[in-house]
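> Got a structure here, written out as structure tokens. Questions coming.
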Amino acid sequence: MKKTDYFVKLKCCRGFTRFTRVWLLTIIIQCLGFLCCAEASEALIFPHRKGQLIDGWGFDIKWAAKANDVTPSYAHTLFVEDRMNMLRIPIWGDENFPAHPGPGQVIAEYYEDTLNAMTNARNANADVLFFASKKLQGPNSFPDWVKDSTGIIPDQYALMLADFLEFMESHGFFIHILGIDNEREYNEGNITPRRHKNTIDELRILAGQRDFNVPVLIGPDTFGPGNGATWLDNLFDNGWDDRLDIAGTHYYPGPRPLSQLRNFAAAARFLPKWHTEVHFTRASTLGVDTEIERSERCLAAIFDSFDEGFSQMVWWNYSREDLHGGIRRAITSKTANAYPIEIIDHDGQAIVYETLITRAFRQDGNRIIVWVVNNTDDNHSEYGFTLNTGSISSPVNYRQWNNDSHAEGFLSTATITSPNRFVVDVPKQTVTVIVFDFSENSVPYPSIHYPFDGSVNDTSFHHYDGVIIGQEAYTEGVLHQAFDFNGDTYIEVPGFTGISGKTFRTVSAWVKPEALGNNATILSWGPHVAGQQFLFGVFSNGGIGIYSGGPLIRTNASISSGQWHHVAAVLPVDNTPSIDQIRLYIDGQRETDIYASSSEIINTIPAGNVLIGAFEISPGQTTSYFHGGIDDVRIYDYALDDQEIAYLTFLGQPDSRVCIPAINQLTYDYNHDCIVDLSDLLVFAHYWLSQKGFAVFNEFSAEWLADDFLQPNLILNGQFVVSITNAHGVPEDPGQQWNASPGDFASGTSPLTWVDDGTYIQLGGWEWFNIEEGRDLALVNDDSFPHTLLTNNLNTAAVIRENNKSYIATTIPGTSLRTDTIYALSFDLGFFDQTGDWGRTEQLGNVLVEIVAGEVVTELDTSGLIDPGPNGAMARQTLYFTTGDVTEDLEIRIGSKGGFDGGDRQRLAVDNVVFSPYFTNN
């Protein structure tokens, strides 16, 4: 029996296992054992889970005579109908098109057809961007006068580029993007990062002298992303990243080196990423037999780029003819100005050839586009797609191509089966693109849902209806009616054993306990064995949480008896979840003041039925009954985020307010409580009067913080998080108060608060913890440690060694410095050995701090500066200085004056480097 036959014939609801991404056999066993039902939803779409915005697509005319194709009519087709926003044009210079025979010379006839194409493009779309890229012609790509036997001569090549830019401006065209190299693997220019840097430096000088604009700079535009990653690493390691604005590469469907593409994306760091030569390679070149196989390979490479956050694409061989012309046109017009959004089908999310491949996009607000590539031998009849939030608000139209299709394919309309679900026939060997609008609806659709409006029926499409064990009674709820539990009654769900294994899940409900003081179950399933049970309830202290046969996690905050509260728990980790990773919510707000008894792994066993209002301590014996009202019980087979949990609270209390600092956009909300009021004025006033504002620079952002009042926390995920602390580093917010004395904090034993499943860490204001290996910048005295380490916005990650000194360095633009200002240089400093343990504090005395301006090197006096933390832990250091009359850039060096007394296998740790104005006479 074929794989698909299980899903079609059994109609197995895989909602509880689809996100585990386990082998098909596991899914089949679970379906046959306890998860089969009348209808299945094979793919789930998450409209709110957006990736990187795709700014648009470009059309390339670097082919010989390709510019002649861009007639006024075709320009309108490309830049209006197909929604392209960029024209990629050549920079000639080879022996076939010797447009630049010498310095100051541009032969206009070689650019005549290019200028015509640019004119037609701009007439069609006034906002079109012009991307000038060096034309590749093998070993004759550069004129002789700009190169020697080793490659281009940067000063000479800069002259040629200046001539080109001036020529274009003289014809009324400003070049928006400039690529000075193209597939350096196949040309003689040998434009290394150093040659790139020197060329750009000279070009900027010429721009100032000759009064032309330097465009946005893209590079290295290598043939493959692997070479591009190496090039970018070299550029960053040397501190030359300010000579590049966009990281560009080519990525071909044939080899499709996905790991190299991911390395390139990582090497690009904060730079936007562009795929500058998108190819729809021929089937014969790809070594495939059918046109749909060709489409699968080519679309996979495009989808890879979107998955890795590329924001701009440029077609090399764009055409609207035949089957692939139709697909090219669709992928271009229906991803421009669109966000990739998450979609999960029965084959998971990875792109694996000859399985079902799906990708989804959200375009122009509320339009959803779904791509389905079915290069298999399986026909998926009435394949279902479900929105996890929102509802379908237009007909669901789709276009489908098979191996015999023309450009237009086959156009049809899908069947809508519920407000958030539709089905489409997806035959074998087809490509399908589905388009529809959706209405915002803040409430995600649950896998199981008990509203308790006069019955205990499940209103999801699974229809796991409950059975009342005891007295049936209803009361006024938050959402219409609620079930009234009397302390002896519970509800059993026959045939539903809950969400098992180590998979994602969310449970939520409205609860109104009659009294507190006893443990009370809201939901439960699994045997009473450590790690195998999943019980959601109210603990005797009034906190809510999860109990797993012994191990538990609960909130220290308590809900109130006699009042309705929305409570929720989220297991956000798949495959290796532990109980201390569970997120807990009360009234829509994530609770961070929690108690976890252990780090027991969650591996829920499907034994017995789900119970509401009690749990089974042993077969046939129930306990911990709930006494009070329970309303709107929901179980999800995925992890809801903070915003989605807040939506569930709004559903029951539309006038309520939930503060989600991570998405808070209020400009003057300095204390991050989602309200702008007098408390924010106090924060502002403290900063203003103290005149001690510090600009804290890290990899992602710069925030102004008040000295001694707001302390920065360690950044691991690009968000900037602050805690309001007192003089001892203890958070002022009662919700963040820890039961620890100032002495506990000073000794470095304070608890850590993991937020959002460990994606960042709150430290209560102290910053000397070595949280994660490799996250702190370390100066290395011995080759036993790596030299390339992560930094906090330092322009180079490499350790520099000269004159028996080891240091890292960052450059401050001289244009931002003022002679009437005292500057503060602050940084966390510590010392630890090869085991990661903190070393002896006396070894911190040999510290190098230098300010370098041109040829002048000033070593700051560090005597009396060093204030080591307890037991050698990192401590905050601050130096004050003035720049004097300086116009050039400053280089700040922090390091060691030679080795440490403790031996070679020791390192100086520097973190959270801060450079800011401390006092200004004005």
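Ordered as shown in the structure tokens, chains take letters A, B, and onward, while each chain numbers its residues from 1 and ligands are numbered from 1 in the order shown.
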Distance table requested - range 552-578 of chain A against range 612-629 of chain A, cut-off 10 Å, only C-alpha atoms: one row per qualifying residue with the closest atom pair and its distance in Å to one decimal, ordered by chain and rising residue number, as JSON lines.

{"residue": "A:Ser561", "atom": "CA", "partner": "A:Gly628", "partner_atom": "CA", "distance": 8.9}
{"residue": "A:Gly562", "atom": "CA", "partner": "A:Gly628", "partner_atom": "CA", "distance": 8.2}
{"residue": "A:Gln563", "atom": "CA", "partner": "A:Gly629", "partner_atom": "CA", "distance": 9.5}
{"residue": "A:Trp564", "atom": "CA", "partner": "A:Gly629", "partner_atom": "CA", "distance": 8.3}
> Just the residues within 8 Å of His565 in chain A, please, counting only C-alpha atoms, with nothing from its chain fewer than 2 positions along; format it as a list in words.
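Residues near the query, excluding close chain neighbours: Trp510, Val511, Lys512, Ile559, Ser560, Gln563, Val567, Ile586 and Asp587 of chain A.
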> Store the residues picked out above, limited to N, CA and C atoms, as a compact mmCIF listing (two decimals), in the first residue's frame.

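Result saved to out_9.txt:
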# COMPACT_ATOMS: atom_id res chain seq x y z
N TRP A 510 -10.76 28.80 30.76
CA TRP A 510 -11.20 29.77 31.76
C TRP A 510 -11.60 28.99 33.00
N VAL A 511 -11.14 29.42 34.18
CA VAL A 511 -11.46 28.72 35.42
C VAL A 511 -11.93 29.70 36.48
N LYS A 512 -12.83 29.19 37.33
CA LYS A 512 -13.35 29.98 38.45
C LYS A 512 -13.47 29.05 39.65
N ILE A 559 -4.01 32.75 41.30
CA ILE A 559 -5.30 33.25 40.83
C ILE A 559 -6.23 33.40 42.03
N SER A 560 -7.34 34.05 41.83
CA SER A 560 -8.28 34.31 42.91
C SER A 560 -9.45 33.34 42.85
N GLN A 563 -13.48 34.11 41.05
CA GLN A 563 -13.34 35.00 39.90
C GLN A 563 -12.85 34.19 38.70
N VAL A 567 -6.28 30.78 31.95
CA VAL A 567 -5.02 30.14 32.28
C VAL A 567 -4.59 29.29 31.08
N ILE A 586 -1.30 33.55 32.98
CA ILE A 586 -2.50 33.89 33.75
C ILE A 586 -3.08 35.17 33.15
N ASP A 587 -4.33 35.10 32.75
CA ASP A 587 -5.04 36.24 32.15
C ASP A 587 -4.26 36.85 31.00
> Please report the interatomic distance between CA of Asp347 in chain A and CA of Asn366 in chain A in Å with one decimal.
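Atom-to-atom, CA of Asp347 in chain A to CA of Asn366 in chain A, that is 26.3 Å.
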> When you look at Arg359 in chain A with a cut-off of 8 Å (counting only C-alpha atoms), what residues show up, excluding the ones that are within fewer than 6 positions of it in the same chain? I need them as a CSV table (one decimal) with N, CA, C and O atoms, in the first residue's frame.

chain,number,residue,atom,x,y,z
A,303,PHE,N,12.6,28.5,-3.0
A,303,PHE,CA,12.0,28.4,-1.6
A,303,PHE,C,13.1,28.4,-0.6
A,303,PHE,O,13.0,29.0,0.5
A,340,PRO,N,6.9,35.3,3.6
A,340,PRO,CA,6.7,33.9,3.8
A,340,PRO,C,6.1,33.6,5.1
A,340,PRO,O,6.4,34.3,6.1
A,341,ILE,N,5.1,32.7,5.1
A,341,ILE,CA,4.4,32.3,6.4
A,341,ILE,C,4.6,30.8,6.6
A,341,ILE,O,4.8,30.1,5.6
A,342,GLU,N,4.4,30.4,7.8
A,342,GLU,CA,4.6,29.0,8.1
A,342,GLU,C,3.5,28.1,7.6
A,342,GLU,O,2.3,28.5,7.7
A,343,ILE,N,3.8,27.0,7.0
A,343,ILE,CA,2.8,26.0,6.6
A,343,ILE,C,3.5,24.6,6.9
A,343,ILE,O,4.7,24.4,6.7
A,370,VAL,N,-0.6,29.9,-1.6
A,370,VAL,CA,-0.1,28.6,-1.2
A,370,VAL,C,0.4,27.9,-2.4
A,370,VAL,O,-0.3,27.8,-3.4
A,371,TRP,N,1.7,27.4,-2.4
A,371,TRP,CA,2.3,26.7,-3.4
A,371,TRP,C,2.3,25.2,-3.0
A,371,TRP,O,2.7,24.9,-1.9
A,372,VAL,N,1.9,24.3,-4.0
A,372,VAL,CA,1.9,22.9,-3.7
A,372,VAL,C,2.7,22.2,-4.9
A,372,VAL,O,2.2,22.3,-6.0
> Mind checking which residues fall within 8 Å of range 426-438 of chain A, counting only C-alpha atoms, ignoring those fewer than 3 positions away in the same chain, and posting them as a ChimeraX atom specification?
/A:292-293,295,330,366-383,390-403
> Env of Pro103 in chain A: 12 Å cut, atoms = only C-alpha atoms, seq-sep filter 6 positions within chain, self excluded. Answer as an MDAnalysis selection string.
chainID A and resid 93 143:146 155:164
> Residues of the last selection are to be written out with N, CA, C and O atoms, as a compact mmCIF listing (two decimals), in the first residue's frame.

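Full text of out39.txt as output:
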# COMPACT_ATOMS: atom_id res chain seq x y z
N GLY A 93 33.25 46.31 -20.37
CA GLY A 93 34.68 46.55 -20.20
C GLY A 93 35.54 45.47 -20.79
O GLY A 93 36.76 45.56 -20.77
N PRO A 143 39.04 45.58 -18.61
CA PRO A 143 39.99 46.18 -19.56
C PRO A 143 41.43 46.03 -19.04
O PRO A 143 41.66 45.96 -17.83
N ASP A 144 42.35 46.02 -19.94
CA ASP A 144 43.75 45.81 -19.56
C ASP A 144 44.26 46.90 -18.62
O ASP A 144 45.10 46.64 -17.75
N TRP A 145 43.77 48.12 -18.80
CA TRP A 145 44.32 49.21 -18.01
C TRP A 145 43.89 49.20 -16.54
O TRP A 145 44.44 49.96 -15.73
N VAL A 146 42.93 48.34 -16.16
CA VAL A 146 42.51 48.30 -14.76
C VAL A 146 43.02 47.04 -14.06
O VAL A 146 42.60 46.75 -12.94
N ASP A 155 42.82 51.23 -7.56
CA ASP A 155 42.73 52.65 -7.91
C ASP A 155 42.24 52.81 -9.35
O ASP A 155 41.42 53.69 -9.65
N GLN A 156 42.75 51.97 -10.24
CA GLN A 156 42.36 52.06 -11.65
C GLN A 156 40.91 51.60 -11.86
O GLN A 156 40.16 52.22 -12.62
N TYR A 157 40.55 50.51 -11.20
CA TYR A 157 39.19 50.02 -11.34
C TYR A 157 38.19 51.03 -10.78
O TYR A 157 37.10 51.24 -11.34
N ALA A 158 38.56 51.71 -9.70
CA ALA A 158 37.69 52.74 -9.14
C ALA A 158 37.48 53.88 -10.14
O ALA A 158 36.38 54.44 -10.24
N LEU A 159 38.52 54.21 -10.91
CA LEU A 159 38.37 55.24 -11.95
C LEU A 159 37.35 54.80 -13.00
O LEU A 159 36.51 55.60 -13.43
N MET A 160 37.41 53.54 -13.42
CA MET A 160 36.47 53.04 -14.42
C MET A 160 35.04 53.07 -13.87
O MET A 160 34.11 53.47 -14.56
N LEU A 161 34.86 52.66 -12.61
CA LEU A 161 33.52 52.68 -12.01
C LEU A 161 33.01 54.12 -11.88
O LEU A 161 31.82 54.39 -12.11
N ALA A 162 33.89 55.04 -11.52
CA ALA A 162 33.50 56.45 -11.43
C ALA A 162 33.06 56.97 -12.79
O ALA A 162 32.06 57.70 -12.90
N ASP A 163 33.79 56.60 -13.85
CA ASP A 163 33.41 57.01 -15.20
C ASP A 163 32.02 56.48 -15.55
O ASP A 163 31.20 57.21 -16.13
N PHE A 164 31.77 55.23 -15.20
CA PHE A 164 30.47 54.62 -15.50
C PHE A 164 29.34 55.35 -14.76
O PHE A 164 28.30 55.68 -15.35
> Tell me which protein, DNA and RNA residues are within 8 Å of Thr604 in chain A, counting only C-alpha atoms, leaving out same-chain ones fewer than 5 positions away, and put them as a PyMOL selection string.
chain A and resi 499-502+526+531-534
> Closest to Leu516 in chain A among A:Ile544, A:Ala247, A:Ala530, A:Ile344, using only C-alpha atoms?
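Among A:Ile544, A:Ala247, A:Ala530, A:Ile344, it is A:Ile544 that comes nearest to Leu516 in chain A.
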> Going by DSSP on the backbone, which bits of range 172-379 of chain A are helix (DSSP H, G or I)? Write them as a PyMOL selection string, please.
chain A and resi 184-186+193-210+225-237+241-243+258-268+283-286+291-307+322-333
> Leu129 in chain A: which residues within 8 Å, counting only C-alpha atoms, same-chain residues fewer than 4 positions away excluded, as a ChimeraX atom specification?
/A:85-87,175-177
> Measure the distance from CA of Glu169 in chain A to CA of Phe212 in chain A in Å and round it to one decimal.
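Between these atoms lies a distance of 7.8 Å.
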> How far is it from CA of Thr358 in chain A to CA of Val424 in chain A, in Å with one decimal?
13.2 Å
